[in-house]
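The block underneath contains the structure these notes are about, expressed in structure tokens.
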Amino acid sequence: MSITKHSPPFHLGNQGQDEQHYFIRMNLHERLQHHLTWSTFILLAVTGFMVELPEEWVQQFGQYREQVFFWRGIIHRIAAVIMMANMLYQAWYMLLTKPGRSFLYDIMPRFQDIKDAGKNVAYYLKLSHQKPRFDRFNYKEKLEYWTGIIGSIIITVTGIFLWFEEYFSKFIIDVSILVHTMEAILATSAIMVWHFYEVHLKPGKFPMSTVWLDGKISEHEMKEEHPLEYERMMKSEQ
Amino acid sequence: MRCPMRIVTTLVFVVFGLSNEAMRIIFLIINCILCLPAFLLAVDEENCLLCHKYSGLGRIDEFGKKHLYYINGDLYNRSVHGKIRCSECHVGIDKFPHGSVKKVDCAMECHLTEPSTLKPFSHAPMIEKFELSVHGRTEKGELKRHSDDLPTCTYCHWNTIYHDGVDFYHRGGEIIQEVMDRCLGCHSNNEWTDTFFHHFIERLYQRRSSQRMVELCSSCHEDEERMARHGLKTVGTFRDTFHWQALKFGDPNAPNCINCHAPVGYLSHEIMRRDDERSAIHKKNLVRTCSNIGSSQSCHPNATLRFAQGEVHPIQFKAGLFAKAQAKPTLQENIDKGKVKPFQSLLASLVNVDIDKGQPYQNIVLVLIKYFYMFFIGILISLMIIHQILDFFATLREMRTRRYRHEHH
């Protein structure tokens with residue numbers, strides 16, 4: 001059912017004296033994909049929003065502003081190509097590898113996610129004392145993942161229109177400029193609010209969760225955040 | 001020498017007053033002997049700067065308008081007209097005080113000989129072309145309506161100082177010396193050669209930076225009232241386009257107003273109405289204008305008709321992060337004139353957008369997309385923020401409970 005069935009060392013023994021158990025939450029492929037995503041995202045956001053700077057701020061670049069503009073465009077395009085390659089890499093991983101397929105299966109949206117979201121908000125508002133029990137990916141992670149995928153596709157397509165502007169009509173270019181910018185605003189603000197809180201600012205995670213670096217999640221966190229997955233894995237191990 | 005002399009002359013003015021002819025002659029003689037720098041004598045043959053060099057020289061006319069008659073001789077000397085005597089342009093000055101003098105007519109013949117024809121030089125040919133353009137004040141020999149709104153020569157040209165030539169072709173000032181040395185090989189008059197050289201490089205440069213060019217055109221074309229008098233829209237949305245974004249970074253490829261409205265093969269003095277076939281932005285010429293082949297800029301060499309058609313500064317097509325307020329809608333006017341059909345007007349009134357003749361639905365689509373995103377982003381991000389704040393307090397609550405349990409077991 002899940003990745004853990006196909007990746008034996010999910011339960012990697014002990015670490016030191018306190019018998020701290022940990023699980024692999026992100027394998028090497030997934031970590032590499034994440035690194036490519038965040039690095040290109042930052043480059044694209046910085047070089048992209050640069051053109052929106054007010055004139056007075058641009059003046060601060062002084063004599064270098066022409067160079068800044070030139071390299072801004074080059075870096076934006078290079079990062080865009082890496083981002084697109086990363087999307088193809090993810091597609092290959094999801095469809096053609098066993099851990100990828102199980103990842104895709106686990107992250108598929110289900111009706112249960114809507115129920116979970118309702119239950120979770122009720123729990124936040126103290127209407128219920130029962131916290132919903134999540135599987136490998138909770139509704140927050142699924143929402144972020146799929147909006148990210150859809151947004152990447154939209155921004156890639158409009159970006160290609162803008163890159164090869166002469167082959168399309170002026171109207172398509174106008175729509176593309178609008179959608180490209182709006183999609184960038186949406187993505188950046190969503191990442192700031194949704195993702196940065198979840199992995200950086202949330203009490204207990206601050207300054208940041210280290211899953212993205214070593215891929216490891218502690219047994220305690222596993223029980224807290226992904227109890228269904230934890231139980232399933234412990235059962236399959238026995 | 002200058003400072004004490006200024007005190008002396010001020011005293012002279014104070015004590016004897018301006019009308020005292022005898023004092024003025026004495027003053028002139030003293031000045032000629034003591035005060036006037038040699039380099040000014042060379043240009044100012046008529047000695048106009050004798051009075052006009054004083055920065056306070058001016059008057060307030062009967063309408064309360066201030067006139068300043070001060071001329072900075074040093075700056076004038078280095079300006080494009082620096083070698084022309086004052087009376088060449090300011091004709092009819094024959095007495096002191098000058099009284100009412102006619103305004104300068106740029107179409108006048110100069111004393112200069114135009115070297116290619118050996119006839120007296122004049123700006124008249126350019127002014128003739130300009131008068132036929134959309135900016136000209138007359139049409140078929142009659143003054144246009146609201147002709148006061150239209151620019152005069154001096155609105156754009158203000159006897160600029162010659163470009164110093166530094167940063168020519170992205171090189172430092174040394175190239176100027178190299179070229180000058182070559183010129184001086186044959187032309188022995190140093191001063192004349194210098195002037196003539198600058199006369200040339202002035203025309204190899206674009207005199208204004210692109211940003212200043214946009215500012216100049218916008219100084220009229222962003223004035224809503226003035227544009228409305230002529231049935232035009234303001235050009236404010238140019239500052240929403242990628243053209244402007246590149247331009248504010250000083251990209252040499254980015255077009256200012258002139259680059260599209262008077263590209264290669266057109267003169268900026270001959271800008272025509274957009275429905276005139278001689279206009280660079282007439283439908284027939286648009287592909288050539290966008291491709292701009294033969295220019296020093298590389299624009300859109302593969303431009304097609306499909307690419308070139310459409311509004312270049314359209315309404316509301318930009319996300320408008322820092323954009324200025326958009327042009328006011330003129331929907332009612334369009335309905336009144338019968339330009340807009342009822343269904344279009346209904347759609348447009350929903351989104352409150354100006355409908356253009358050529359592309360009624362395109363603007364509506366753009367505005368709908370924009371509003372969809374604005375609402376979508378607003379609602380989604382607000383919900384996300386609320387969700388995360390709730391999560392924050394729930395997590396704190398959980399941590400407290402856990403600590404409590406830990407301490408009591």
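Identifiers in the structure tokens: chain A, B, ... in order shown; residue index from 1 per chain; ligand index from 1 in order shown.
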Should the cut-off be 8 Å, what would the residue list for chain B against chain A look like, counting only C-alpha atoms, as a PyMOL selection string? chain B and resi 245-246+248-252+300+302-304+306-311+317-319+321-322+362+366+369-370+373+377+381+384-385+387-388+390-396
With a distance cut-off of 8 Å and only C-alpha atoms, select the neighbouring residues of Val199 in chain A, excluding the residue or stretch itself and same-chain residues fewer than 5 positions from it, and output the selection as a VMD selection string. chain A and resid 205 to 206 208 to 209
Selected residue of minimal separation from Val80 in chain B among B:Ile271, B:Leu383, B:Val101, B:Ile201, counting only C-alpha atoms: B:Ile201
Would you mind reading off the distance between CA of Ile42 in chain A and CA of Trp92 in chain A, one decimal, in Å?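 That distance, rounded to one decimal, is 23.8 Å.
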Give me the residues within 10 Å of Glu225 in chain A as a VMD selection string, counting only C-alpha atoms and dropping any in the same chain fewer than 4 places off. chain A and resid 132 to 138 219 to 221 229 to 230
Any idea what the distance is between CA of His199 in chain B and CA of Met126 in chain B? 17.4 Å
Exercise: Met94 in chain A partners within 12 Å, only C-alpha atoms, chain neighbours under 2 positions left out, as a list in words: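 Listing them by chain and then by number gives Ile3, His29, Glu30, Gln33, Met87, Leu88, Tyr89, Gln90, Ala91, Trp92, Leu96, Thr97, Lys98, Pro99, Gly100, Arg101, Ser102, Phe103, Leu104, Tyr105, Asp106, Ile107 and Met108 of chain A.
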In range 148-340 of chain B, what's alpha helix (DSSP H) per DSSP? Answer as a VMD selection string? chain B and resid 153 to 156 174 to 184 190 to 204 210 to 221 224 to 229 242 to 248 257 to 261 286 to 291 305 to 308 331 to 336
Can you work out the spacing between CA of Arg203 in chain B and CA of Cys220 in chain B in Å, to one decimal?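 One can read the CA of Arg203 in chain B to CA of Cys220 in chain B distance as 25.0 Å.
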The residue from B:Arg274, B:His146, B:Arg239, B:Lys140 with the smallest atom-to-atom distance to Glu225 in chain B, counting only C-alpha atoms, is B:His146
Long-range neighbours of Ile114 in chain A as a ChimeraX atom specification, 8 Å cut-off, only C-alpha atoms, 4 positions minimum in chain: /A:110,118,139
Neighbours of Cys257 in chain B within 8 Å (only C-alpha atoms; same-chain residues fewer than 5 positions away dropped), as a PDB file with N, CA and C atoms, in the first residue's frame?
```pdb
ATOM      1  N   MET B 213      12.167  60.422 -21.904  1.00  0.00           N
ATOM      2  CA  MET B 213      11.310  60.544 -23.082  1.00  0.00           C
ATOM      3  C   MET B 213       9.869  60.207 -22.721  1.00  0.00           C
ATOM      4  N   VAL B 214       9.711  59.111 -21.970  1.00  0.00           N
ATOM      5  CA  VAL B 214       8.356  58.721 -21.547  1.00  0.00           C
ATOM      6  C   VAL B 214       7.752  59.821 -20.676  1.00  0.00           C
ATOM      7  N   CYS B 217       6.548  62.759 -22.994  1.00  0.00           N
ATOM      8  CA  CYS B 217       5.286  62.491 -23.692  1.00  0.00           C
ATOM      9  C   CYS B 217       4.141  62.420 -22.690  1.00  0.00           C
TER      10      CYS B 217
END
```
